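In what follows, a single structure is set out as C-alpha cells and then discussed.
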2 protein chains.
Amino acid sequence: MKKSKFPAPTPGKSGPRPGQSATLRIVAREAGVSASTVSRIINGTVNVSDGLKRAVEAAIVKFDFRPNAAARGLALGRTSTIGVVAQAIDSPFYGEGLRGIEAGLRQRGYAPLIMSGNWRIEDEDRCVQELIARGVDGVIVFAGRLSDAKLKGYAKSVPIVITGRSLRAPRLYSLQIEDAGGAKLAVRHLVGLGHRQIAFITGSENHPDAIERLRGYKEALAEADIDFNPKLVAVGDWHEEGGVRSTLELLNSKLPFTALFCVNDQTAYGACLALYRQGLSVPHDVSVIGFDDLPSSTYRLPPLTSVRQSIGELGERSAHAMLDLVAGRRPRMAAPNVELVVRESTGPSPGPRNVPSAKRSAHRSK
Amino acid sequence: MKKSKFPAPTPGKSGPRPGQSATLRIVAREAGVSASTVSRIINGTVNVSDGLKRAVEAAIVKFDFRPNAAARGLALGRTSTIGVVAQAIDSPFYGEGLRGIEAGLRQRGYAPLIMSGNWRIEDEDRCVQELIARGVDGVIVFAGRLSDAKLKGYAKSVPIVITGRSLRAPRLYSLQIEDAGGAKLAVRHLVGLGHRQIAFITGSENHPDAIERLRGYKEALAEADIDFNPKLVAVGDWHEEGGVRSTLELLNSKLPFTALFCVNDQTAYGACLALYRQGLSVPHDVSVIGFDDLPSSTYRLPPLTSVRQSIGELGERSAHAMLDLVAGRRPRMAAPNVELVVRESTGPSPGPRNVPSAKRSAHRSK
DNA sequence: AGCATTCCTGAAACCGGTTGCAGGAGCGAG
DNA sequence: CTCGCTCCTGCAACCGGTTTCAGGAATGCT
C-alpha cells in the first residue's frame with residue numbers, strides 16, 4: 001500500500017499517474033518552483049512575480065491539481081465542514097431546514113455533514129460525538145432534544161448552534177423560535193372567525209416547542225375569555241399518523257369543537273385525513289390550522305392555513321451564526337419572525353355545536 | 001497559530017489542555033508506551049499484552065481521546081465519507097433517498113457529505129468537483145442529469161454510483177429503475193378500471209426517467225389497443241407547480257380524459273389541486289395515479305394511488321453498491337422492484353366523455 | 001546450551017499542505 | 001560603491017495518525 005521509501009528522485013518529470021491525484025510538489029516541480037510557493041499562490045498569501053504565477057497556474061491546470069482536503073485540514077486545524085444533527089432527513093420540516101443550512105454554509109465554502117438522530121435522544125448524542133470525532137469545525141443541532149447540560153459540555157470541544165430553545169454558554173449560540181407568539185396568531189385567527197370551541201393537538205409532551213405552543217394557545221384563549229379545557233388537548237407525535245389518531249380521539253370524546261389547531265403542519269395533514277374519513281368537511285365543519293407552513297401546505301386539499309416560521313430561513317441563519325462562531329465573532333441574528341398565512345382550511349365558525357356528528361359533507365356529490 | 005518549534009520535552013506529563021483534544025502521543029506517554037503501539041491497539045492491528053492494553057485504554061478514557069480524522073484520512077488515503085449529489089434536500093423524493101443512503105452508509109462507519117444540484121446541470125457538476133476536492137471516497141449521484149461522458153470522466157478519479165440510468169464503466173455502477181415497467185403497471189390499472197382516455201403528465205422532457213415512463217405509458221396503451229394521442233401528454237416539472245399548470249392545460253385543451261397518470265407523486269399532488277379548483281372530484285370525475293409512492297401520499301386527500309419504487313431502498317442499495325466499489329468488490333445489487341399501490345385516487349371510469357356511442361357499461365355509481 | 005522462530009514494541013519515515021525563518025536578489029539612498 | 005531595506009522564494013519543521021522495518025525478548029526445537 002505504501003510506496004517505496006526512497007524519495008523517488010527520478011530525474012524525469014513524472015506525469016500525472018492515472019487515478020492518482022497530483023500533489024503540490026509535483027505541480028511545483030513542473031512549474032520549476034518550490035511547494036511553498038505554489039501553496040502561497042493558491043492561497044493568495046503573498047504576491048509573487050507575474051511570470052511565476054502564470055507558470056504555476058498552468059501547471060495546476062495541466063495536472064488538474066486539487067489540494068488534498070485531509071492534508072490541508074490537518075495543517076490548518078480545520079476542515080471547512082460543519083456537522084448538522086437533524087432527526088430525519090426525509091421529513092419536510094428537516095428537509096427545509098437542511099436546505100437553508102446548506103445554502104448558508106456554501107456561500108462561505110463550508111459544507112454540511114448531516115446525521116440523523118431518528119428522534120432518539122441517544123442517537124442524537126452519538127451523532128454529535130461522531131461529528132466531533134470527524135473533526136467538524138462546529139455542530140448545528142437543528143430542533144434537537146439533547147439536554148442543555150450535554151450541549152454545554154460539547155460546546156467545550158466545538159462551537160455549537162442550537163435551534164428551538166434559549167441557552168447561553170461560551171461557544172454556544174441558540175436561536176429561539178417564537179412558538180408561543182405563533183400559536184397566539186393561530187388561535188386569534190380562529191377566534192376572529194367566530195370559533196370558541198378550539199381543540200389543540202400537541203407534539204411529544206415534553207418537547208420545548210410543543211410546550212411553548214401550548215402556552216401560546218392558552219394565552220390566546222384567555223385573551224378571548226375562553227376557558228381552557230384540557231380535554232380539548234390531544235397528544236400527537238409531530239407526524240401525520242399522530243394527527244389522525246389524536247383527531248379520532250377528540251371526535252370520540254364527544255366534546256364539541258369547530259376548530260383544530262395543530263402543533264405542526266404534518267399533524268394537520270393527518271387531522272384533515274381523519275376528518276375526511278369521518279365525513280367532516282374542512283373548513284365547512286371544522287377549521288384546521290397548522291404551524292410551520294411547509295412548502296407542500298400550499299398544495300394540500302384544501303390548501304392549509306398555517307403559521308409560517310420559514311424553516312429554511314431559520315436554517316440559513318443557523319448556518320451564519322455558526323460561521324460567526326467559528327470565526328470567533330459573536331453571532332447577532334435571531335430566528336425569523338412568525339406570520340400567519342391564511343389559506344382555505346379555515347373559515348367562519350358554523351356556530352356552537354353540541355357534538356360534531358359524523359355526517360355527510362355537503363360538497364361531496366355521492 | 002503554530003505552537004513552539006521545540007519538541008516540547010517538558011518532563012512533567014501535560015494534562016489535557018482545555019478546548020484542545022489529546023493526541024496519540026500524549027496518550028502514549030501517559031500509558032508509558034509509544035504512539036505506534038497505541039495506534040495498533042486502537043485499530044486492533046496486532047495483539048498486545050493484556051496489561052498494556054488496559055493501560056492504554058485507561059489513558060484514552062482519561063483524556064477522552066478521539067483520533068483526529070484529518071490526520072487519519074491523510075495517512076490512510078481515505079476519509080470514510082461518501083459524497084452525495086441530490087437536486088434538493090428539501091423534496092420528499094430526495095429526502096427519502098438520502099435517508100436510505102445515510103442508513104446504508106452508517107452501518108459501515110461511513111457518513112454522507114450531501115450537496116444539492118438545484119436542478120441545474122452546472123451546479124451538479126460543481127458539486128461533484130467539490131466533493132472530489134474534499135477527498136470523499138466515492139460519489140453517489142442520485143437521480144442526476146450529468147452527461148454519461150462526464151460521469152465516466154469523474155469515475156477515473158473516484159468511484160461513482162448513479163441511479164436512474166444504465167451505464168457501464170470502470171469504477172462506476174448504475175442502478176436502473178424500472179421506469180417503463182412501473183408506468184405500465186399504472187396504465188394497466190387504469191385500463192382495468194375501464195379508462196380509455198388516459199392523459200399523462202411527464203417531467204422535464206429530456207430526463208431519462210421521464211422518457212422511460214412515457215415509453216411504458218405508450219406500450220401499455222398499445223397493449224390495450226388504445227391509440228396514443230400526443231395531445232394527451234403535457235410537460236410538467238416534477239413538482240406540484242408543474243402538475244397544476246399541466247392539468248389546467250389539459251383541461252383547457254377540451255380533449256376528454258377520465259384518468260391522469262403523473263410522472264411522479266408531486267406532479268399528481270398538483271394535478272389533484274388543479275382538478276379540485278375546477279370543481280372536479282378525484283376519483284369520481286378523474287382518476288389520478290402517481291409514481292414513487294412518497295410517504296405522504298398515504299395522507300393525501302384522497303390517499304393517492306401510486307407506483308411504489310421504494311426510494312429509500314434505492315438509496316440504501318446505492319450506498320451498499322458504493323461500499324462494494326470502494327472495497328474493490330463488484331456490486332451485485334439491482335434497483336428494487338416497482339409495485340402498484342392502490343388507494344383512493346383511482347376508481348372506475350365514468351364512461352367515455354364527449355363520445356356519442358358509449359359501448360362500455362362502466363359508469364358513475366351515482 | 002545453542003540457534004531459529006515468533007511475538008512485541010519503538011524509531012522513523014511517511015501521507016500532503018502550510019508557514020516561520022532565513023537567505024538572496026533587487027533597488028534606492030548616502 | 002556600499003549599506004540597508006524590501007520583496008520574493010526555498011528549506012525544513014510542523015499538523016497527528018499509520019506503517020515499515022528492525023531490534024530485543026521470549027519461546028520452541030534439537
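Chains: A, B, ... in order of the C-alpha cells. Residues: from 1 per chain. Ligands: from 1, in order shown.
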Per residue of chain A within 8 Å of chain D, what are the shortest atom pair and its distance in Å to one decimal, counting only C-alpha atoms (C1' of nucleotides), with rows by chain and residue number, as a Markdown table?
| residue | atom | partner | partner_atom | distance |
| --- | --- | --- | --- | --- |
| A:Ser34 | CA | D:DG10 | C1' | 6.3 |
| A:Ser36 | CA | D:DG10 | C1' | 7.4 |
| A:Thr37 | CA | D:DT9 | C1' | 6.7 |
| A:Val48 | CA | D:DC8 | C1' | 6.8 |
| A:Leu74 | CA | D:DC15 | C1' | 5.2 |
| A:Ala75 | CA | D:DC15 | C1' | 4.5 |
| A:Leu76 | CA | D:DC15 | C1' | 7.4 |
| A:Gly77 | CA | D:DC15 | C1' | 7.3 |
Residues near range 80-84 of chain B, anyone? I mean within 7 Å using only C-alpha atoms (C1' of nucleotides), not counting same-chain ones fewer than 5 positions away, as a compact mmCIF listing (two decimals) with C-alpha atoms, in the first residue's frame.
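Wrote it out as part-v3.txt, contents follow:
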# COMPACT_ATOMS: atom_id res chain seq x y z
CA GLY B 109 -18.97 3.61 9.53
CA TYR B 110 -19.29 5.90 6.54
CA ALA B 111 -21.05 9.24 6.51
CA PRO B 112 -22.60 11.13 3.60
CA LEU B 113 -21.48 14.59 2.52
CA ILE B 114 -24.56 15.92 0.80
CA MET B 115 -24.70 18.67 -1.81
CA LEU B 131 -16.82 16.58 -3.41
CA VAL B 136 -14.57 11.77 -0.48
CA ASP B 137 -14.02 8.09 -1.10
CA GLY B 138 -16.80 7.93 -3.64
CA VAL B 139 -19.69 9.89 -5.10
CA ILE B 140 -23.31 8.82 -5.35
CA VAL B 141 -25.25 10.81 -7.91
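Set the cut-off at 6 Å, count only C-alpha atoms (C1' of nucleotides), and the residues of chain C near chain A turn out to be DG16, DG17 and DT18 of chain C.
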Chain A on chain B, least-squares, complete ordered Cα pairing, as a tab-separated table (two decimals) with C-alpha atoms, in the first residue's frame:
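Once everything was written out, this is selection27.tsv:
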chain	number	residue	atom	x	y	z
A	1	MET	CA	-2.46	30.53	16.13
A	2	LYS	CA	0.43	28.13	16.16
A	3	LYS	CA	1.76	26.93	19.41
A	4	SER	CA	5.37	27.35	20.47
A	5	LYS	CA	7.84	25.71	18.20
A	6	PHE	CA	9.54	23.90	21.02
A	7	PRO	CA	8.54	20.29	21.32
A	8	ALA	CA	7.11	21.27	24.68
A	9	PRO	CA	8.91	18.57	26.62
A	10	THR	CA	7.34	19.73	29.83
A	11	PRO	CA	8.16	16.95	32.26
A	12	GLY	CA	4.82	17.03	34.09
A	13	LYS	CA	2.05	15.23	32.35
A	14	SER	CA	-0.21	17.79	30.82
A	15	GLY	CA	-3.85	17.16	31.46
A	16	PRO	CA	-6.53	17.67	28.87
A	17	ARG	CA	-6.75	21.33	28.08
A	18	PRO	CA	-10.33	22.51	28.05
A	19	GLY	CA	-11.79	22.90	24.58
A	20	GLN	CA	-8.81	21.14	23.09
A	21	SER	CA	-9.10	17.52	22.20
A	22	ALA	CA	-6.41	15.13	23.30
A	23	THR	CA	-3.91	13.74	20.83
A	24	LEU	CA	-2.55	10.31	20.39
A	25	ARG	CA	0.76	11.25	21.97
A	26	ILE	CA	-0.86	12.65	25.07
A	27	VAL	CA	-2.73	9.43	25.55
A	28	ALA	CA	0.45	7.50	24.88
A	29	ARG	CA	2.40	9.43	27.49
A	30	GLU	CA	-0.36	8.91	30.03
A	31	ALA	CA	-0.33	5.16	29.41
A	32	GLY	CA	3.47	5.06	29.38
A	33	VAL	CA	3.73	3.76	25.83
A	34	SER	CA	4.46	5.20	22.43
A	35	ALA	CA	2.01	6.72	20.04
A	36	SER	CA	2.41	3.85	17.62
A	37	THR	CA	1.26	1.37	20.21
A	38	VAL	CA	-1.83	3.35	20.99
A	39	SER	CA	-2.62	3.61	17.33
A	40	ARG	CA	-2.23	-0.10	16.88
A	41	ILE	CA	-4.39	-0.88	19.85
A	42	ILE	CA	-7.14	1.38	18.61
A	43	ASN	CA	-7.10	-0.17	15.18
A	44	GLY	CA	-6.56	-3.68	16.41
A	45	THR	CA	-3.60	-3.98	14.08
A	46	VAL	CA	-1.64	-6.23	16.42
A	47	ASN	CA	-2.06	-8.05	19.69
A	48	VAL	CA	-0.59	-6.33	22.68
A	49	SER	CA	-0.20	-7.52	26.20
A	50	ASP	CA	-3.31	-7.33	28.26
A	51	GLY	CA	-1.98	-4.94	30.83
A	52	LEU	CA	-0.89	-2.41	28.28
A	53	LYS	CA	-4.16	-2.64	26.52
A	54	ARG	CA	-6.05	-1.85	29.67
A	55	ALA	CA	-3.75	1.02	30.54
A	56	VAL	CA	-4.21	2.54	27.11
A	57	GLU	CA	-7.93	2.12	27.17
A	58	ALA	CA	-8.07	3.81	30.54
A	59	ALA	CA	-6.06	6.73	29.21
A	60	ILE	CA	-8.36	7.00	26.21
A	61	VAL	CA	-11.37	7.19	28.43
A	62	LYS	CA	-9.67	9.58	30.81
A	63	PHE	CA	-8.96	12.11	28.10
A	64	ASP	CA	-12.07	11.28	26.10
A	65	PHE	CA	-9.75	10.80	23.18
A	66	ARG	CA	-11.14	10.63	19.66
A	67	PRO	CA	-8.71	10.31	16.78
A	68	ASN	CA	-8.59	13.38	14.62
A	69	ALA	CA	-10.43	12.55	11.44
A	70	ALA	CA	-8.40	14.88	9.25
A	71	ALA	CA	-5.11	13.41	10.37
A	72	ARG	CA	-6.34	9.90	9.96
A	73	GLY	CA	-7.75	10.73	6.56
A	74	LEU	CA	-4.46	12.23	5.50
A	75	ALA	CA	-2.44	9.26	6.60
A	76	LEU	CA	-4.83	6.68	5.27
A	77	GLY	CA	-5.70	8.44	2.08
A	78	ARG	CA	-9.42	8.04	2.68
A	79	THR	CA	-12.06	9.89	4.59
A	80	SER	CA	-14.86	7.37	5.12
A	81	THR	CA	-17.13	9.93	3.56
A	82	ILE	CA	-19.16	9.46	0.40
A	83	GLY	CA	-20.35	12.45	-1.58
A	84	VAL	CA	-23.97	12.40	-2.63
A	85	VAL	CA	-25.46	14.59	-5.32
A	86	ALA	CA	-29.21	15.03	-5.12
A	87	GLN	CA	-31.31	17.67	-6.81
A	88	ALA	CA	-33.09	18.91	-3.71
A	89	ILE	CA	-32.92	17.72	-0.13
A	90	ASP	CA	-36.47	18.85	0.44
A	91	SER	CA	-38.39	16.67	-1.92
A	92	PRO	CA	-40.07	13.50	-0.86
A	93	PHE	CA	-38.32	11.62	-3.63
A	94	TYR	CA	-34.77	12.61	-2.79
A	95	GLY	CA	-35.52	12.57	0.92
A	96	GLU	CA	-36.44	8.94	0.68
A	97	GLY	CA	-33.40	8.12	-1.42
A	98	LEU	CA	-31.06	9.96	0.91
A	99	ARG	CA	-32.45	8.13	3.88
A	100	GLY	CA	-31.61	4.86	2.20
A	101	ILE	CA	-28.15	6.02	1.30
A	102	GLU	CA	-27.43	7.21	4.79
A	103	ALA	CA	-28.64	3.97	6.28
A	104	GLY	CA	-26.60	1.91	3.84
A	105	LEU	CA	-23.43	3.88	4.46
A	106	ARG	CA	-23.69	4.09	8.19
A	107	GLN	CA	-23.70	0.34	8.60
A	108	ARG	CA	-20.11	0.37	7.50
A	109	GLY	CA	-18.92	3.50	9.23
A	110	TYR	CA	-19.29	5.82	6.29
A	111	ALA	CA	-21.19	9.08	6.26
A	112	PRO	CA	-22.76	10.96	3.36
A	113	LEU	CA	-21.79	14.47	2.36
A	114	ILE	CA	-24.88	15.72	0.60
A	115	MET	CA	-25.10	18.49	-1.95
A	116	SER	CA	-28.01	19.72	-4.02
A	117	GLY	CA	-27.90	20.27	-7.75
A	118	ASN	CA	-31.13	22.26	-7.74
A	119	TRP	CA	-32.14	20.69	-11.02
A	120	ARG	CA	-29.45	22.66	-12.79
A	121	ILE	CA	-26.89	20.71	-14.69
A	122	GLU	CA	-24.13	23.20	-14.00
A	123	ASP	CA	-24.85	23.13	-10.26
A	124	GLU	CA	-24.71	19.38	-10.38
A	125	ASP	CA	-21.35	19.60	-12.06
A	126	ARG	CA	-20.06	21.99	-9.45
A	127	CYS	CA	-21.27	19.66	-6.72
A	128	VAL	CA	-19.28	16.74	-8.03
A	129	GLN	CA	-16.18	18.86	-8.34
A	130	GLU	CA	-16.48	20.22	-4.86
A	131	LEU	CA	-17.10	16.78	-3.44
A	132	ILE	CA	-13.98	15.48	-5.13
A	133	ALA	CA	-12.03	18.45	-3.83
A	134	ARG	CA	-13.24	17.61	-0.35
A	135	GLY	CA	-11.65	14.23	-0.73
A	136	VAL	CA	-14.69	12.01	-0.54
A	137	ASP	CA	-13.97	8.37	-1.22
A	138	GLY	CA	-16.71	8.14	-3.81
A	139	VAL	CA	-19.64	10.01	-5.30
A	140	ILE	CA	-23.21	8.80	-5.65
A	141	VAL	CA	-25.19	10.75	-8.20
A	142	PHE	CA	-28.81	10.09	-7.37
A	143	ALA	CA	-31.15	10.57	-10.32
A	144	GLY	CA	-28.91	13.19	-11.85
A	145	ARG	CA	-28.64	14.62	-15.30
A	146	LEU	CA	-24.92	14.98	-15.91
A	147	SER	CA	-23.81	13.71	-19.27
A	148	ASP	CA	-22.44	10.21	-19.52
A	149	ALA	CA	-19.15	11.61	-20.74
A	150	LYS	CA	-18.72	13.88	-17.73
A	151	LEU	CA	-19.47	11.05	-15.37
A	152	LYS	CA	-16.94	8.82	-17.04
A	153	GLY	CA	-14.42	11.61	-16.72
A	154	TYR	CA	-15.04	12.02	-13.02
A	155	ALA	CA	-14.86	8.28	-12.56
A	156	LYS	CA	-11.18	8.60	-13.36
A	157	SER	CA	-10.53	10.44	-10.12
A	158	VAL	CA	-13.12	8.85	-7.85
A	159	PRO	CA	-15.50	5.87	-7.86
A	160	ILE	CA	-18.98	6.81	-8.99
A	161	VAL	CA	-22.40	5.25	-8.61
A	162	ILE	CA	-25.26	6.62	-10.65
A	163	THR	CA	-28.93	5.73	-10.55
A	164	GLY	CA	-31.46	6.00	-13.31
A	165	ARG	CA	-29.41	5.11	-16.31
A	166	SER	CA	-27.30	2.36	-17.73
A	167	LEU	CA	-23.64	3.13	-18.17
A	168	ARG	CA	-20.47	1.08	-18.09
A	169	ALA	CA	-17.02	2.41	-17.26
A	170	PRO	CA	-14.16	1.53	-14.94
A	171	ARG	CA	-14.86	2.51	-11.33
A	172	LEU	CA	-18.39	3.48	-12.27
A	173	TYR	CA	-21.53	1.54	-11.50
A	174	SER	CA	-25.06	2.31	-12.55
A	175	LEU	CA	-28.38	1.18	-11.14
A	176	GLN	CA	-31.04	1.24	-13.78
A	177	ILE	CA	-34.65	1.54	-12.68
A	178	GLU	CA	-37.31	-0.42	-14.49
A	179	ASP	CA	-39.04	2.67	-15.76
A	180	ALA	CA	-40.65	1.17	-18.79
A	181	GLY	CA	-41.73	-1.93	-16.91
A	182	GLY	CA	-43.28	0.13	-14.15
A	183	ALA	CA	-45.15	2.30	-16.62
A	184	LYS	CA	-46.54	-0.81	-18.23
A	185	LEU	CA	-47.82	-2.04	-14.88
A	186	ALA	CA	-49.64	1.24	-14.39
A	187	VAL	CA	-51.23	1.34	-17.81
A	188	ARG	CA	-52.17	-2.33	-17.74
A	189	HIS	CA	-53.91	-1.74	-14.44
A	190	LEU	CA	-55.93	1.07	-15.97
A	191	VAL	CA	-56.73	-0.95	-19.04
A	192	GLY	CA	-57.85	-3.76	-16.80
A	193	LEU	CA	-60.31	-1.39	-15.18
A	194	GLY	CA	-61.83	-0.70	-18.55
A	195	HIS	CA	-60.07	2.55	-19.36
A	196	ARG	CA	-59.17	3.15	-22.97
A	197	GLN	CA	-58.70	6.91	-22.99
A	198	ILE	CA	-55.58	7.24	-20.89
A	199	ALA	CA	-53.63	10.46	-20.69
A	200	PHE	CA	-50.00	10.73	-19.59
A	201	ILE	CA	-48.17	13.59	-17.94
A	202	THR	CA	-44.45	13.27	-18.41
A	203	GLY	CA	-41.58	15.01	-16.61
A	204	SER	CA	-38.95	17.14	-18.26
A	205	GLU	CA	-38.94	15.84	-21.81
A	206	ASN	CA	-35.27	14.94	-22.11
A	207	HIS	CA	-34.91	13.13	-18.80
A	208	PRO	CA	-34.01	9.46	-19.21
A	209	ASP	CA	-36.56	8.30	-16.64
A	210	ALA	CA	-39.30	10.28	-18.36
A	211	ILE	CA	-38.39	8.92	-21.75
A	212	GLU	CA	-38.46	5.35	-20.53
A	213	ARG	CA	-41.78	5.75	-18.76
A	214	LEU	CA	-43.27	7.20	-21.91
A	215	ARG	CA	-41.98	4.19	-23.79
A	216	GLY	CA	-43.62	1.84	-21.32
A	217	TYR	CA	-46.87	3.78	-21.62
A	218	LYS	CA	-46.82	3.42	-25.39
A	219	GLU	CA	-45.98	-0.27	-25.28
A	220	ALA	CA	-48.78	-1.03	-22.84
A	221	LEU	CA	-51.23	0.84	-25.03
A	222	ALA	CA	-50.09	-1.18	-28.02
A	223	GLU	CA	-50.58	-4.39	-26.07
A	224	ALA	CA	-54.20	-3.39	-25.54
A	225	ASP	CA	-54.68	-2.31	-29.14
A	226	ILE	CA	-55.18	1.28	-28.15
A	227	ASP	CA	-53.85	3.86	-30.56
A	228	PHE	CA	-51.25	6.20	-29.12
A	229	ASN	CA	-52.46	9.76	-29.27
A	230	PRO	CA	-49.67	12.29	-28.74
A	231	LYS	CA	-52.24	14.90	-27.78
A	232	LEU	CA	-52.97	12.92	-24.64
A	233	VAL	CA	-49.39	13.46	-23.49
A	234	ALA	CA	-48.63	16.63	-21.55
A	235	VAL	CA	-45.28	17.83	-20.29
A	236	GLY	CA	-44.95	18.49	-16.58
A	237	ASP	CA	-41.96	19.26	-14.39
A	238	TRP	CA	-41.87	16.37	-11.90
A	239	HIS	CA	-43.52	18.65	-9.33
A	240	GLU	CA	-47.05	19.33	-8.14
A	241	GLU	CA	-47.07	22.61	-9.99
A	242	GLY	CA	-46.49	20.96	-13.35
A	243	GLY	CA	-49.15	18.39	-12.55
A	244	VAL	CA	-51.71	21.11	-12.02
A	245	ARG	CA	-50.75	22.95	-15.18
A	246	SER	CA	-50.61	19.92	-17.42
A	247	THR	CA	-53.92	18.58	-16.19
A	248	LEU	CA	-55.60	21.87	-16.95
A	249	GLU	CA	-54.05	21.80	-20.41
A	250	LEU	CA	-55.38	18.32	-21.01
A	251	LEU	CA	-58.84	19.31	-19.83
A	252	ASN	CA	-58.79	22.42	-21.98
A	253	SER	CA	-57.80	20.44	-25.02
A	254	LYS	CA	-61.27	18.90	-24.89
A	255	LEU	CA	-59.83	15.50	-25.65
A	256	PRO	CA	-61.74	12.99	-23.55
A	257	PHE	CA	-59.87	10.81	-21.08
A	258	THR	CA	-61.00	8.72	-18.15
A	259	ALA	CA	-57.63	7.95	-16.66
A	260	LEU	CA	-54.42	9.83	-16.06
A	261	PHE	CA	-51.01	8.26	-15.63
A	262	CYS	CA	-48.49	10.63	-14.08
A	263	VAL	CA	-44.74	10.29	-14.41
A	264	ASN	CA	-44.35	10.52	-10.63
A	265	ASP	CA	-46.41	10.90	-7.50
A	266	GLN	CA	-45.81	14.59	-7.06
A	267	THR	CA	-47.19	15.23	-10.51
A	268	ALA	CA	-50.20	13.10	-9.57
A	269	TYR	CA	-50.78	15.21	-6.48
A	270	GLY	CA	-50.98	18.28	-8.66
A	271	ALA	CA	-53.25	16.50	-11.08
A	272	CYS	CA	-55.65	15.56	-8.30
A	273	LEU	CA	-55.79	19.13	-7.13
A	274	ALA	CA	-56.51	20.41	-10.63
A	275	LEU	CA	-59.27	17.84	-11.12
A	276	TYR	CA	-60.76	18.80	-7.77
A	277	ARG	CA	-60.73	22.42	-8.76
A	278	GLN	CA	-62.67	21.55	-11.90
A	279	GLY	CA	-65.22	19.66	-9.88
A	280	LEU	CA	-64.08	16.27	-11.10
A	281	SER	CA	-63.90	13.42	-8.66
A	282	VAL	CA	-61.05	10.96	-8.35
A	283	PRO	CA	-61.52	8.09	-9.12
A	284	HIS	CA	-65.19	8.47	-9.97
A	285	ASP	CA	-64.69	10.74	-12.96
A	286	VAL	CA	-61.01	10.26	-13.62
A	287	SER	CA	-58.65	7.61	-12.32
A	288	VAL	CA	-55.20	8.85	-11.40
A	289	ILE	CA	-52.08	6.77	-10.97
A	290	GLY	CA	-48.58	7.88	-10.02
A	291	PHE	CA	-45.07	6.46	-9.98
A	292	ASP	CA	-42.67	6.12	-7.02
A	293	ASP	CA	-45.16	5.41	-4.26
A	294	LEU	CA	-43.90	8.11	-1.97
A	295	PRO	CA	-44.65	7.50	1.69
A	296	SER	CA	-47.15	10.33	1.76
A	297	SER	CA	-49.17	8.79	-1.06
A	298	THR	CA	-50.76	6.51	1.52
A	299	TYR	CA	-52.19	9.58	3.20
A	300	ARG	CA	-53.46	11.48	0.20
A	301	LEU	CA	-57.16	12.08	-0.36
A	302	PRO	CA	-57.88	9.70	-1.88
A	303	PRO	CA	-54.90	7.47	-1.16
A	304	LEU	CA	-52.97	7.29	-4.40
A	305	THR	CA	-52.51	4.23	-6.54
A	306	SER	CA	-48.91	4.15	-7.65
A	307	VAL	CA	-46.04	2.15	-9.02
A	308	ARG	CA	-43.74	1.38	-6.14
A	309	GLN	CA	-40.06	1.45	-6.83
A	310	SER	CA	-38.83	1.73	-3.25
A	311	ILE	CA	-36.56	4.67	-3.55
A	312	GLY	CA	-35.23	4.08	-0.09
A	313	GLU	CA	-34.14	0.62	-1.11
A	314	LEU	CA	-32.61	2.07	-4.24
A	315	GLY	CA	-30.63	4.48	-2.09
A	316	GLU	CA	-29.45	1.71	0.16
A	317	ARG	CA	-28.34	-0.39	-2.77
A	318	SER	CA	-26.51	2.57	-4.25
A	319	ALA	CA	-24.68	2.90	-0.98
A	320	HIS	CA	-23.72	-0.75	-0.94
A	321	ALA	CA	-22.60	-0.61	-4.54
A	322	MET	CA	-20.41	2.33	-3.63
A	323	LEU	CA	-18.89	0.50	-0.70
A	324	ASP	CA	-18.10	-2.37	-3.01
A	325	LEU	CA	-16.41	-0.01	-5.39
A	326	VAL	CA	-14.25	1.64	-2.76
A	327	ALA	CA	-13.26	-1.77	-1.46
A	328	GLY	CA	-12.21	-2.72	-4.98
A	329	ARG	CA	-14.96	-5.29	-5.39
A	330	ARG	CA	-17.31	-5.37	-8.32
A	331	PRO	CA	-20.84	-4.48	-7.25
A	332	ARG	CA	-23.43	-7.06	-8.11
A	333	MET	CA	-26.75	-5.56	-7.11
A	334	ALA	CA	-29.49	-4.26	-9.32
A	335	ALA	CA	-32.22	-1.74	-8.67
A	336	PRO	CA	-35.21	-3.03	-6.69
A	337	ASN	CA	-38.17	-4.37	-8.63
A	338	VAL	CA	-41.16	-2.20	-9.36
A	339	GLU	CA	-44.60	-3.27	-8.26
A	340	LEU	CA	-48.09	-1.91	-8.48
A	341	VAL	CA	-49.74	-0.61	-5.31
A	342	VAL	CA	-53.46	-0.24	-5.79
A	343	ARG	CA	-55.21	2.24	-3.54
A	344	GLU	CA	-58.23	4.42	-4.05
A	345	SER	CA	-57.37	6.85	-6.81
A	346	THR	CA	-58.14	4.36	-9.53
A	347	GLY	CA	-61.46	2.74	-10.27
A	348	PRO	CA	-63.56	1.32	-13.08
A	349	SER	CA	-63.93	3.43	-16.15
A	350	PRO	CA	-67.15	5.42	-16.28
A	351	GLY	CA	-67.31	4.39	-19.91
A	352	PRO	CA	-66.20	6.21	-23.03
A	353	ARG	CA	-66.82	9.87	-22.89
A	354	ASN	CA	-66.85	12.65	-25.37
A	355	VAL	CA	-65.56	15.45	-23.29
A	356	PRO	CA	-64.98	15.46	-19.57
A	357	SER	CA	-67.21	18.34	-18.66
A	358	ALA	CA	-66.52	20.23	-15.52
A	359	LYS	CA	-69.37	19.10	-13.41
A	360	ARG	CA	-70.24	18.90	-9.79
A	361	SER	CA	-68.84	15.80	-8.32
A	362	ALA	CA	-71.38	13.42	-6.93
A	363	HIS	CA	-69.97	12.93	-3.49
A	364	ARG	CA	-69.75	16.53	-2.50
A	365	SER	CA	-72.71	17.66	-0.52
A	366	LYS	CA	-72.65	21.27	-1.52
DSSP-assigned alpha helix (DSSP H) among range 118-306 of chain A, expressed as a ChimeraX atom specification: /A:121-133,148-154,179-192,208-223,240-252,265-277
